[in-house]
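Asks: Here it is, the structure, as structure tokens.
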Amino acid sequence: MNRIILVTGGARSGKSFFAEKCTSEYAGKRAYIATAHIFDEEMAQRVKLHRERRAGEGWSTIEEEYDLSAALKRAQEQNSEAVLVDCLTIWINNLMFRSPDFTEAEMIMETEKLIASLKAFPGLAVLVISEVGQGIVPDNAQARLFRDCSGRCGQMIAAAADEVWYCVCGIPWKIKG
């Protein structure tokens, strides 16, 4: 049975922990689709903490910075019945970094491709995205584009999702489904 859950919230709001809990409650094989590129020691420590939280829990890890549709396909080929994509915000950053002329129109196309893959996945898909649009308007075009791409992606995934959760101070609030 196909089911899509989106988990959003600010930095250190408890999104990833809650998303892992949602995915862990699902019986069967689980895959963690990691989008982060480890570029310094601080990021390596963050990744280490995430891995330790999942250790011994039956997770496989698929590292994919750009092509989440291919990662979902790999998870399906591994007979995963549930996947956690953590996180879309970093995925958006990766796409923008790879292509300096990246546009919101390209973000829409990438998100449409991802949604099609999510709907084709035969199990539970939980996705994490940071809410980046509640602060001040960024002072430069690149930062505004990132905010806009993140907001557009979040809206599109939320519209396709069966459930949407918003985390604040470690407290998840169900806002859809």
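Residues are named by chain letter and number: chains run A, B, ... in the order of the structure tokens, numbers start at 1 in each chain, and ligands are numbered from 1 in the order shown.
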From the DSSP assignment of the backbone, select every residue of region 25-135 of chain A that is strand (DSSP E or B), and format the answer as a PyMOL selection string.

Replies: chain A and resi 30-34+59-63+82-86+124-130

Asks: Keeping only C-alpha atoms, write those residues as a PDB file, in the first residue's frame.

Replies:
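Listed below is the output, selection_19.pdb:
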```pdb
ATOM      1  CA  ARG A  30      13.483   0.084   5.761  1.00  0.00           C
ATOM      2  CA  ALA A  31      15.832   2.247   3.727  1.00  0.00           C
ATOM      3  CA  TYR A  32      17.260   5.597   4.734  1.00  0.00           C
ATOM      4  CA  ILE A  33      17.916   7.805   1.719  1.00  0.00           C
ATOM      5  CA  ALA A  34      20.591  10.268   2.805  1.00  0.00           C
ATOM      6  CA  TRP A  59      17.909   0.061   8.226  1.00  0.00           C
ATOM      7  CA  SER A  60      19.836   0.071   4.973  1.00  0.00           C
ATOM      8  CA  THR A  61      21.344   3.350   3.818  1.00  0.00           C
ATOM      9  CA  ILE A  62      21.261   4.720   0.282  1.00  0.00           C
ATOM     10  CA  GLU A  63      23.376   7.818  -0.226  1.00  0.00           C
ATOM     11  CA  ALA A  82       9.465   1.838   3.852  1.00  0.00           C
ATOM     12  CA  VAL A  83      11.864   4.660   3.017  1.00  0.00           C
ATOM     13  CA  LEU A  84      12.916   7.825   4.777  1.00  0.00           C
ATOM     14  CA  VAL A  85      14.306  10.674   2.663  1.00  0.00           C
ATOM     15  CA  ASP A  86      16.322  13.011   4.878  1.00  0.00           C
ATOM     16  CA  LEU A 124       5.610   3.972   3.032  1.00  0.00           C
ATOM     17  CA  ALA A 125       7.686   7.008   2.035  1.00  0.00           C
ATOM     18  CA  VAL A 126       8.525   9.567   4.732  1.00  0.00           C
ATOM     19  CA  LEU A 127      10.234  12.786   3.649  1.00  0.00           C
ATOM     20  CA  VAL A 128      11.808  15.554   5.723  1.00  0.00           C
ATOM     21  CA  ILE A 129      12.008  19.204   4.642  1.00  0.00           C
ATOM     22  CA  SER A 130      12.975  22.266   6.651  1.00  0.00           C
TER      23      SER A 130
END
```

Asks: Region 33-128 of chain A near region 146-159 of chain A within 8 Å: what's each residue's closest atom pair and its distance in Å to one decimal, counting only C-alpha atoms, ordered by chain then ascending residue number, as a Markdown table?

Replies:
```
| residue | atom | partner | partner_atom | distance |
| --- | --- | --- | --- | --- |
| A:Thr89 | CA | A:Ser150 | CA | 6.4 |
| A:Ile92 | CA | A:Ser150 | CA | 6.8 |
| A:Asn93 | CA | A:Phe146 | CA | 7.2 |
| A:Met96 | CA | A:Phe146 | CA | 7.8 |
| A:Thr103 | CA | A:Cys149 | CA | 7.9 |
| A:Glu104 | CA | A:Cys149 | CA | 5.5 |
| A:Met107 | CA | A:Cys149 | CA | 6.0 |
| A:Ile108 | CA | A:Cys153 | CA | 6.9 |
| A:Thr111 | CA | A:Cys153 | CA | 6.0 |
| A:Glu112 | CA | A:Met156 | CA | 7.9 |
| A:Ile115 | CA | A:Ile157 | CA | 6.8 |
```

Asks: Determine the nearest neighbour of Val132 (chain A) from the options A:Asp101, A:Gly177, A:Lys113, A:Ile90, counting only C-alpha atoms.

Replies: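 Closest candidate: A:Ile90.
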
Asks: Please build the interface table for region 16-122 of chain A against region 171-174 of chain A with a cut-off of 12 Å, listing for each qualifying residue the nearest atom pair and the distance in Å to one decimal; count only C-alpha atoms, order rows by chain and increasing number, and write it as a tab-separated table.

Replies:
```
residue	atom	partner	partner_atom	distance
A:Ser16	CA	A:Pro172	CA	10.9
A:Phe17	CA	A:Pro172	CA	10.2
A:Phe18	CA	A:Pro172	CA	7.3
A:Ala19	CA	A:Pro172	CA	9.7
A:Lys21	CA	A:Pro172	CA	11.3
A:Cys22	CA	A:Pro172	CA	11.0
```

Asks: I need the residues in chain A that are helix (DSSP H, G or I) according to DSSP; give them as number ranges by chain.

Replies: A: 15-24, 41-54, 68-77, 88-98, 104-120, 141-160

Asks: Output C-alpha atoms for every residue in that selection, as a PDB file, in the first residue's frame.

Replies:
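What follows is the written file result_28.pdb:
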```pdb
ATOM      1  CA  LYS A  15      11.814  16.552  12.322  1.00  0.00           C
ATOM      2  CA  SER A  16      14.342  13.818  11.654  1.00  0.00           C
ATOM      3  CA  PHE A  17      13.765  12.059  14.973  1.00  0.00           C
ATOM      4  CA  PHE A  18       9.997  12.053  14.394  1.00  0.00           C
ATOM      5  CA  ALA A  19      10.396  10.916  10.767  1.00  0.00           C
ATOM      6  CA  GLU A  20      12.649   8.046  11.890  1.00  0.00           C
ATOM      7  CA  LYS A  21      10.043   7.073  14.479  1.00  0.00           C
ATOM      8  CA  CYS A  22       7.262   7.065  11.847  1.00  0.00           C
ATOM      9  CA  THR A  23       9.358   4.909   9.549  1.00  0.00           C
ATOM     10  CA  SER A  24      10.558   2.575  12.336  1.00  0.00           C
ATOM     11  CA  GLU A  41      33.993  17.417  10.365  1.00  0.00           C
ATOM     12  CA  GLU A  42      30.862  19.022  11.808  1.00  0.00           C
ATOM     13  CA  MET A  43      28.697  17.468   9.059  1.00  0.00           C
ATOM     14  CA  ALA A  44      30.448  14.133   9.581  1.00  0.00           C
ATOM     15  CA  GLN A  45      29.435  14.271  13.262  1.00  0.00           C
ATOM     16  CA  ARG A  46      25.801  15.026  12.337  1.00  0.00           C
ATOM     17  CA  VAL A  47      25.736  12.056   9.969  1.00  0.00           C
ATOM     18  CA  LYS A  48      27.352   9.858  12.635  1.00  0.00           C
ATOM     19  CA  LEU A  49      24.612  10.764  15.149  1.00  0.00           C
ATOM     20  CA  HIS A  50      21.891   9.927  12.626  1.00  0.00           C
ATOM     21  CA  ARG A  51      23.538   6.576  11.842  1.00  0.00           C
ATOM     22  CA  GLU A  52      23.919   5.732  15.524  1.00  0.00           C
ATOM     23  CA  ARG A  53      20.235   6.466  16.108  1.00  0.00           C
ATOM     24  CA  ARG A  54      19.338   3.888  13.441  1.00  0.00           C
ATOM     25  CA  LEU A  68      15.972  10.729  -5.504  1.00  0.00           C
ATOM     26  CA  SER A  69      13.868   8.841  -8.052  1.00  0.00           C
ATOM     27  CA  ALA A  70      16.814   6.503  -8.678  1.00  0.00           C
ATOM     28  CA  ALA A  71      17.302   6.125  -4.917  1.00  0.00           C
ATOM     29  CA  LEU A  72      13.650   5.137  -4.487  1.00  0.00           C
ATOM     30  CA  LYS A  73      14.063   2.598  -7.268  1.00  0.00           C
ATOM     31  CA  ARG A  74      17.154   1.159  -5.520  1.00  0.00           C
ATOM     32  CA  ALA A  75      15.189   0.923  -2.269  1.00  0.00           C
ATOM     33  CA  GLN A  76      12.438  -0.951  -4.074  1.00  0.00           C
ATOM     34  CA  GLU A  77      14.997  -3.290  -5.679  1.00  0.00           C
ATOM     35  CA  LEU A  88      14.722  17.501   0.819  1.00  0.00           C
ATOM     36  CA  THR A  89      16.222  20.812   1.942  1.00  0.00           C
ATOM     37  CA  ILE A  90      19.746  19.490   1.461  1.00  0.00           C
ATOM     38  CA  TRP A  91      18.674  17.884  -1.844  1.00  0.00           C
ATOM     39  CA  ILE A  92      17.530  21.315  -3.063  1.00  0.00           C
ATOM     40  CA  ASN A  93      20.847  22.816  -1.960  1.00  0.00           C
ATOM     41  CA  ASN A  94      22.704  20.061  -3.842  1.00  0.00           C
ATOM     42  CA  LEU A  95      20.729  20.698  -7.042  1.00  0.00           C
ATOM     43  CA  MET A  96      21.379  24.433  -6.823  1.00  0.00           C
ATOM     44  CA  PHE A  97      25.077  23.965  -6.059  1.00  0.00           C
ATOM     45  CA  ARG A  98      25.523  21.540  -8.968  1.00  0.00           C
ATOM     46  CA  GLU A 104      12.335  27.502  -9.705  1.00  0.00           C
ATOM     47  CA  ALA A 105      10.910  26.008 -12.918  1.00  0.00           C
ATOM     48  CA  GLU A 106      13.600  23.303 -12.749  1.00  0.00           C
ATOM     49  CA  MET A 107      12.690  22.746  -9.088  1.00  0.00           C
ATOM     50  CA  ILE A 108       9.090  22.159 -10.136  1.00  0.00           C
ATOM     51  CA  MET A 109      10.191  19.606 -12.743  1.00  0.00           C
ATOM     52  CA  GLU A 110      12.483  17.796 -10.275  1.00  0.00           C
ATOM     53  CA  THR A 111       9.708  17.714  -7.677  1.00  0.00           C
ATOM     54  CA  GLU A 112       7.158  16.413 -10.202  1.00  0.00           C
ATOM     55  CA  LYS A 113       9.594  13.611 -11.086  1.00  0.00           C
ATOM     56  CA  LEU A 114      10.055  12.829  -7.395  1.00  0.00           C
ATOM     57  CA  ILE A 115       6.295  12.794  -6.744  1.00  0.00           C
ATOM     58  CA  ALA A 116       5.761  10.343  -9.602  1.00  0.00           C
ATOM     59  CA  SER A 117       8.415   8.065  -8.069  1.00  0.00           C
ATOM     60  CA  LEU A 118       6.887   8.410  -4.603  1.00  0.00           C
ATOM     61  CA  LYS A 119       3.463   7.442  -5.931  1.00  0.00           C
ATOM     62  CA  ALA A 120       4.993   4.421  -7.683  1.00  0.00           C
ATOM     63  CA  ALA A 141      18.989  36.588  -5.091  1.00  0.00           C
ATOM     64  CA  GLN A 142      20.578  33.149  -4.511  1.00  0.00           C
ATOM     65  CA  ALA A 143      19.229  32.889  -0.969  1.00  0.00           C
ATOM     66  CA  ARG A 144      15.774  34.050  -2.110  1.00  0.00           C
ATOM     67  CA  LEU A 145      15.817  31.432  -4.880  1.00  0.00           C
ATOM     68  CA  PHE A 146      16.731  28.735  -2.344  1.00  0.00           C
ATOM     69  CA  ARG A 147      13.859  29.840  -0.087  1.00  0.00           C
ATOM     70  CA  ASP A 148      11.473  29.879  -3.069  1.00  0.00           C
ATOM     71  CA  CYS A 149      12.585  26.448  -4.338  1.00  0.00           C
ATOM     72  CA  SER A 150      12.259  24.976  -0.875  1.00  0.00           C
ATOM     73  CA  GLY A 151       8.801  26.476  -0.432  1.00  0.00           C
ATOM     74  CA  ARG A 152       7.653  25.281  -3.849  1.00  0.00           C
ATOM     75  CA  CYS A 153       8.973  21.752  -3.259  1.00  0.00           C
ATOM     76  CA  GLY A 154       7.331  21.622   0.171  1.00  0.00           C
ATOM     77  CA  GLN A 155       3.969  22.748  -1.210  1.00  0.00           C
ATOM     78  CA  MET A 156       4.044  20.190  -3.998  1.00  0.00           C
ATOM     79  CA  ILE A 157       5.073  17.265  -1.779  1.00  0.00           C
ATOM     80  CA  ALA A 158       2.487  18.303   0.850  1.00  0.00           C
ATOM     81  CA  ALA A 159      -0.243  18.344  -1.787  1.00  0.00           C
ATOM     82  CA  ALA A 160       0.704  14.789  -2.845  1.00  0.00           C
TER      83      ALA A 160
END
```

Asks: So the first atom is CA of Glu81 (chain A) and the second is CA of Ile4 (chain A); what is the distance between them in Å, to one decimal place?

Replies: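 Those two atoms sit 12.3 Å apart.
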
Asks: Just the number, please: distance in Å from CA of Ile136 (chain A) to CA of Val7 (chain A), one decimal.

Replies: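 That distance, rounded to one decimal, is 22.3 Å.
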
Asks: How many Å lie between CA of Glu65 (chain A) and CA of Gly133 (chain A), rounded to one decimal?

Replies: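 Between CA of Glu65 (chain A) and CA of Gly133 (chain A) the gap is 22.5 Å.
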